[in-house]
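K.L.:
So that you have it, the file is coords20.pdb, and it contains PDB, C-alpha atoms, pLDDT in the B column:
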ATOM      1  CA  MET D 705      17.602 -13.440   4.783  1.00 90.00           C
ATOM      2  CA  ASP D 706      15.794 -16.490   3.551  1.00 91.00           C
ATOM      3  CA  ALA D 707      15.604 -16.428  -0.258  1.00 90.00           C
ATOM      4  CA  ARG D 708      11.946 -17.569  -0.121  1.00 96.00           C
ATOM      5  CA  PHE D 709      10.818 -14.321   1.562  1.00 97.00           C
ATOM      6  CA  GLU D 710       9.955 -12.552  -1.695  1.00 97.00           C
ATOM      7  CA  HIS D 711       7.983 -15.568  -2.942  1.00 97.00           C
ATOM      8  CA  TRP D 712       6.048 -15.618   0.353  1.00 97.00           C
ATOM      9  CA  LEU D 713       5.240 -11.913  -0.021  1.00 97.00           C
ATOM     10  CA  LEU D 714       3.894 -12.517  -3.516  1.00 97.00           C
ATOM     11  CA  GLU D 715       1.824 -15.504  -2.337  1.00 96.00           C
ATOM     12  CA  ASN D 716       0.338 -13.327   0.382  1.00 95.00           C
ATOM     13  CA  GLY D 717      -0.970 -10.490  -1.739  1.00 96.00           C
ATOM     14  CA  HIS D 718       1.965  -8.153  -2.241  1.00 97.00           C
ATOM     15  CA  ASP D 719       2.412  -6.855  -5.756  1.00 97.00           C
ATOM     16  CA  PRO D 720       5.785  -7.587  -7.411  1.00 97.00           C
ATOM     17  CA  HIS D 721       7.084  -4.032  -6.981  1.00 98.00           C
ATOM     18  CA  GLY D 722       6.072  -3.925  -3.306  1.00 97.00           C
ATOM     19  CA  ALA D 723       7.602  -7.349  -2.632  1.00 98.00           C
ATOM     20  CA  ALA D 724      10.875  -6.302  -4.272  1.00 98.00           C
ATOM     21  CA  SER D 725      10.884  -3.111  -2.183  1.00 98.00           C
ATOM     22  CA  ARG D 726      10.406  -5.070   1.057  1.00 98.00           C
ATOM     23  CA  VAL D 727      13.263  -7.403   0.120  1.00 98.00           C
ATOM     24  CA  SER D 728      15.434  -4.372  -0.615  1.00 98.00           C
ATOM     25  CA  ASN D 729      14.492  -2.853   2.755  1.00 98.00           C
ATOM     26  CA  VAL D 730      15.433  -6.067   4.568  1.00 98.00           C
ATOM     27  CA  ARG D 731      18.763  -6.196   2.718  1.00 98.00           C
ATOM     28  CA  ARG D 732      19.450  -2.623   3.762  1.00 98.00           C
ATOM     29  CA  VAL D 733      18.804  -3.515   7.403  1.00 98.00           C
ATOM     30  CA  GLU D 734      21.010  -6.596   7.073  1.00 98.00           C
ATOM     31  CA  THR D 735      23.852  -4.484   5.694  1.00 98.00           C
ATOM     32  CA  ALA D 736      23.871  -2.529   8.954  1.00 98.00           C
ATOM     33  CA  TYR D 737      22.829  -5.222  11.462  1.00 98.00           C
ATOM     34  CA  GLY D 738      23.791  -8.576   9.981  1.00 98.00           C
ATOM     35  CA  ASP D 739      21.660 -11.537   8.982  1.00 97.00           C
ATOM     36  CA  LEU D 740      18.049 -11.199  10.150  1.00 97.00           C
ATOM     37  CA  ASP D 741      17.764 -14.958  10.518  1.00 97.00           C
ATOM     38  CA  ASP D 742      20.405 -14.747  13.263  1.00 97.00           C
ATOM     39  CA  HIS D 743      18.477 -11.909  14.911  1.00 98.00           C
ATOM     40  CA  TYR D 744      15.254 -13.879  14.594  1.00 97.00           C
ATOM     41  CA  ARG D 745      16.795 -16.877  16.353  1.00 96.00           C
ATOM     42  CA  ARG D 746      18.266 -14.653  19.067  1.00 97.00           C
ATOM     43  CA  ASP D 747      15.295 -12.458  19.993  1.00 98.00           C
ATOM     44  CA  ARG D 748      12.723 -12.517  17.178  1.00 97.00           C
ATOM     45  CA  CYS D 749      14.391  -9.306  15.834  1.00 98.00           C
ATOM     46  CA  LYS D 750      13.307  -7.271  18.865  1.00 98.00           C
ATOM     47  CA  SER D 751      16.731  -5.650  19.292  1.00 98.00           C
ATOM     48  CA  VAL D 752      16.830  -4.565  15.649  1.00 98.00           C
ATOM     49  CA  LEU D 753      13.270  -3.241  15.804  1.00 98.00           C
ATOM     50  CA  SER D 754      14.119  -1.351  18.971  1.00 97.00           C
ATOM     51  CA  ASP D 755      17.165   0.230  17.333  1.00 97.00           C
ATOM     52  CA  LEU D 756      15.004   1.309  14.390  1.00 98.00           C
ATOM     53  CA  GLY D 757      12.516   2.975  16.745  1.00 96.00           C
ATOM     54  CA  TYR D 758      11.762   6.644  16.121  1.00 97.00           C
ATOM     55  CA  SER D 759       8.539   8.170  17.395  1.00 95.00           C
ATOM     56  CA  THR D 760       6.504  11.177  16.349  1.00 95.00           C
ATOM     57  CA  ALA D 761       7.807  12.846  19.517  1.00 96.00           C
ATOM     58  CA  ASP D 762      11.361  12.161  18.302  1.00 96.00           C
ATOM     59  CA  LYS D 763      10.433  13.723  14.981  1.00 95.00           C
ATOM     60  CA  ARG D 764       8.898  16.796  16.643  1.00 96.00           C
ATOM     61  CA  ARG D 765      12.045  17.450  18.635  1.00 96.00           C
ATOM     62  CA  ASN D 766      14.244  16.676  15.624  1.00 93.00           C
ATOM     63  CA  ALA D 767      16.033  13.887  17.499  1.00 94.00           C
ATOM     64  CA  ARG D 768      18.948  12.201  15.778  1.00 94.00           C
ATOM     65  CA  ASN D 769      18.478   8.935  13.964  1.00 95.00           C
ATOM     66  CA  PRO D 770      19.182   6.237  16.595  1.00 95.00           C
ATOM     67  CA  SER D 771      19.938   3.482  14.082  1.00 97.00           C
ATOM     68  CA  ARG D 772      23.089   2.413  12.246  1.00 96.00           C
ATOM     69  CA  ILE D 773      21.383   3.179   8.929  1.00 97.00           C
ATOM     70  CA  MET D 774      21.901   6.484   7.155  1.00 96.00           C
ATOM     71  CA  ILE D 775      18.539   7.989   6.243  1.00 95.00           C
ATOM     72  CA  ASP D 776      18.394  10.713   3.610  1.00 92.00           C
ATOM     73  CA  GLY D 777      15.356  12.829   4.330  1.00 91.00           C
ATOM     74  CA  ASP D 778      12.735  12.182   6.968  1.00 94.00           C
ATOM     75  CA  ALA D 779      14.109   9.800   9.614  1.00 95.00           C
ATOM     76  CA  TYR D 780      10.609   9.038  10.931  1.00 97.00           C
ATOM     77  CA  ASN D 781       9.323   7.825   7.546  1.00 97.00           C
ATOM     78  CA  GLY D 782      12.552   6.080   6.602  1.00 97.00           C
ATOM     79  CA  LEU D 783      12.821   4.127   9.839  1.00 98.00           C
ATOM     80  CA  SER D 784       9.110   3.349   9.801  1.00 97.00           C
ATOM     81  CA  THR D 785       9.515   1.769   6.360  1.00 98.00           C
ATOM     82  CA  LEU D 786      12.463  -0.327   7.541  1.00 98.00           C
ATOM     83  CA  ARG D 787      10.644  -1.418  10.730  1.00 98.00           C
ATOM     84  CA  SER D 788       7.669  -2.467   8.634  1.00 98.00           C
ATOM     85  CA  ALA D 789       9.893  -4.609   6.405  1.00 98.00           C
ATOM     86  CA  VAL D 790      11.535  -6.265   9.427  1.00 98.00           C
ATOM     87  CA  ARG D 791       8.110  -6.962  10.950  1.00 98.00           C
ATOM     88  CA  LEU D 792       7.030  -8.603   7.696  1.00 98.00           C
ATOM     89  CA  TYR D 793      10.156 -10.733   7.798  1.00 98.00           C
ATOM     90  CA  VAL D 794       9.366 -11.776  11.365  1.00 98.00           C
ATOM     91  CA  LYS D 795       5.826 -12.656  10.266  1.00 97.00           C
ATOM     92  CA  TYR D 796       7.275 -14.694   7.407  1.00 97.00           C
ATOM     93  CA  ARG D 797       9.609 -16.596   9.739  1.00 96.00           C
ATOM     94  CA  GLN D 798       6.764 -17.269  12.184  1.00 96.00           C
ATOM     95  CA  ALA D 799       4.540 -18.546   9.375  1.00 94.00           C
ATOM     96  CA  ARG D 800       7.341 -20.721   8.032  1.00 89.00           C
ATOM     97  CA  SER D 801       8.082 -22.270  11.399  1.00 86.00           C
ATOM     98  CA  SER D 802       4.399 -22.996  11.995  1.00 82.00           C
ATOM     99  CA  GLY D 803       3.831 -24.366   8.499  1.00 73.00           C
ATOM    100  CA  ARG D 804       1.306 -21.633   7.618  1.00 65.00           C
ATOM    101  CA  SER D 805       1.437 -19.521   4.475  1.00 56.00           C
ATOM    102  CA  ILE D 806       0.466 -16.340   6.343  1.00 53.00           C
TER     103      ILE D 806
END
Mind converting the file's structure to structure tokens?
P.N.:
Amino acid sequence: MDARFEHWLLENGHDPHGAASRVSNVRRVETAYGDLDDHYRRDRCKSVLSDLGYSTADKRRNARNPSRIMIDGDAYNGLSTLRSAVRLYVKYRQARSSGRSI
């Protein structure tokens, strides 16, 4: 993960606690899947996002967590939070490569 991610979150309206939480979420994903910068270069993190996928239908049928990440509690909410953090990281990388701040 690029160390400037948290700074970018703060510059783009995230409060300090929320920015720190997103960074923590990305680190958690990286612990299970490896460096997100590598995944971004490979497929814009699509494979990681796919692995973190868990739908409301999955939740209704109590499907198992498809990811490599242990989720205590509600898998739907936990994976949704992690997917959201990865999507923000992808948005950050896209903005960085285009020279935009958001």
K.L.:
Any chance you could resolve the PyMOL selection byres ((chain D and resi 765-779) around 12) against this file and give the residues as a PyMOL selection string?
P.N.:
chain D and resi 729-738+751-764+780-787
K.L.:
Please produce an output containing C-alpha atoms for each residue in the selection, written as a short mmCIF file (atom, residue, chain, number, x, y, z; two decimals), keeping the file's coordinate frame.
P.N.:
data_model
loop_
_atom_site.label_atom_id
_atom_site.label_comp_id
_atom_site.auth_asym_id
_atom_site.auth_seq_id
_atom_site.Cartn_x
_atom_site.Cartn_y
_atom_site.Cartn_z
CA ASN D 729 14.49 -2.85 2.76
CA VAL D 730 15.43 -6.07 4.57
CA ARG D 731 18.76 -6.20 2.72
CA ARG D 732 19.45 -2.62 3.76
CA VAL D 733 18.80 -3.52 7.40
CA GLU D 734 21.01 -6.60 7.07
CA THR D 735 23.85 -4.48 5.69
CA ALA D 736 23.87 -2.53 8.95
CA TYR D 737 22.83 -5.22 11.46
CA GLY D 738 23.79 -8.58 9.98
CA SER D 751 16.73 -5.65 19.29
CA VAL D 752 16.83 -4.57 15.65
CA LEU D 753 13.27 -3.24 15.80
CA SER D 754 14.12 -1.35 18.97
CA ASP D 755 17.16 0.23 17.33
CA LEU D 756 15.00 1.31 14.39
CA GLY D 757 12.52 2.98 16.74
CA TYR D 758 11.76 6.64 16.12
CA SER D 759 8.54 8.17 17.40
CA THR D 760 6.50 11.18 16.35
CA ALA D 761 7.81 12.85 19.52
CA ASP D 762 11.36 12.16 18.30
CA LYS D 763 10.43 13.72 14.98
CA ARG D 764 8.90 16.80 16.64
CA TYR D 780 10.61 9.04 10.93
CA ASN D 781 9.32 7.82 7.55
CA GLY D 782 12.55 6.08 6.60
CA LEU D 783 12.82 4.13 9.84
CA SER D 784 9.11 3.35 9.80
CA THR D 785 9.52 1.77 6.36
CA LEU D 786 12.46 -0.33 7.54
CA ARG D 787 10.64 -1.42 10.73
#
K.L.:
Spell out the residues picked by the PyMOL selection byres ((chain D and resi 796) around 9) here, as a PyMOL selection string.
P.N.:
chain D and resi 709+712-713+791-795+797-801+805-806
K.L.:
Take atom CA of D:Ser788 and atom CA of D:Asp719 and report the distance between them in Å, one decimal.
P.N.:
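Spanning atom CA of D:Ser788 to atom CA of D:Asp719 is a straight-line distance of 15.9 Å.
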K.L.:
Quick one: everything within 9 Å of D:Glu710, counting only C-alpha atoms, minus sequence neighbours fewer than 6 positions away in the same chain. Send it as a ChimeraX atom specification.
P.N.:
/D:720,723-724,726-727
K.L.:
The PyMOL selection byres ((chain D and resi 705) around 6) on the file shown: which residues, as a list in words?
P.N.:
Asp706, Leu740 and Asp741 of chain D
K.L.:
Rounded to one decimal in Å, what is the spacing between atom CA of D:Arg748 and atom CA of D:His718?
P.N.:
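About the pair atom CA of D:Arg748 and atom CA of D:His718: they are 22.6 Å apart.
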K.L.:
If you measure from atom CA of D:Asp747 to atom CA of D:Ser725, what distance in Å do you get, rounded to one decimal?
P.N.:
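Straight-line distance from atom CA of D:Asp747 to atom CA of D:Ser725 works out to 24.5 Å.
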K.L.:
Measuring atom to atom with only C-alpha atoms, identify which of D:Val790, D:Ser728, D:Asn716, D:Gly722 is nearest to D:Cys749.
P.N.:
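Result for the nearest residue to D:Cys749: D:Val790.
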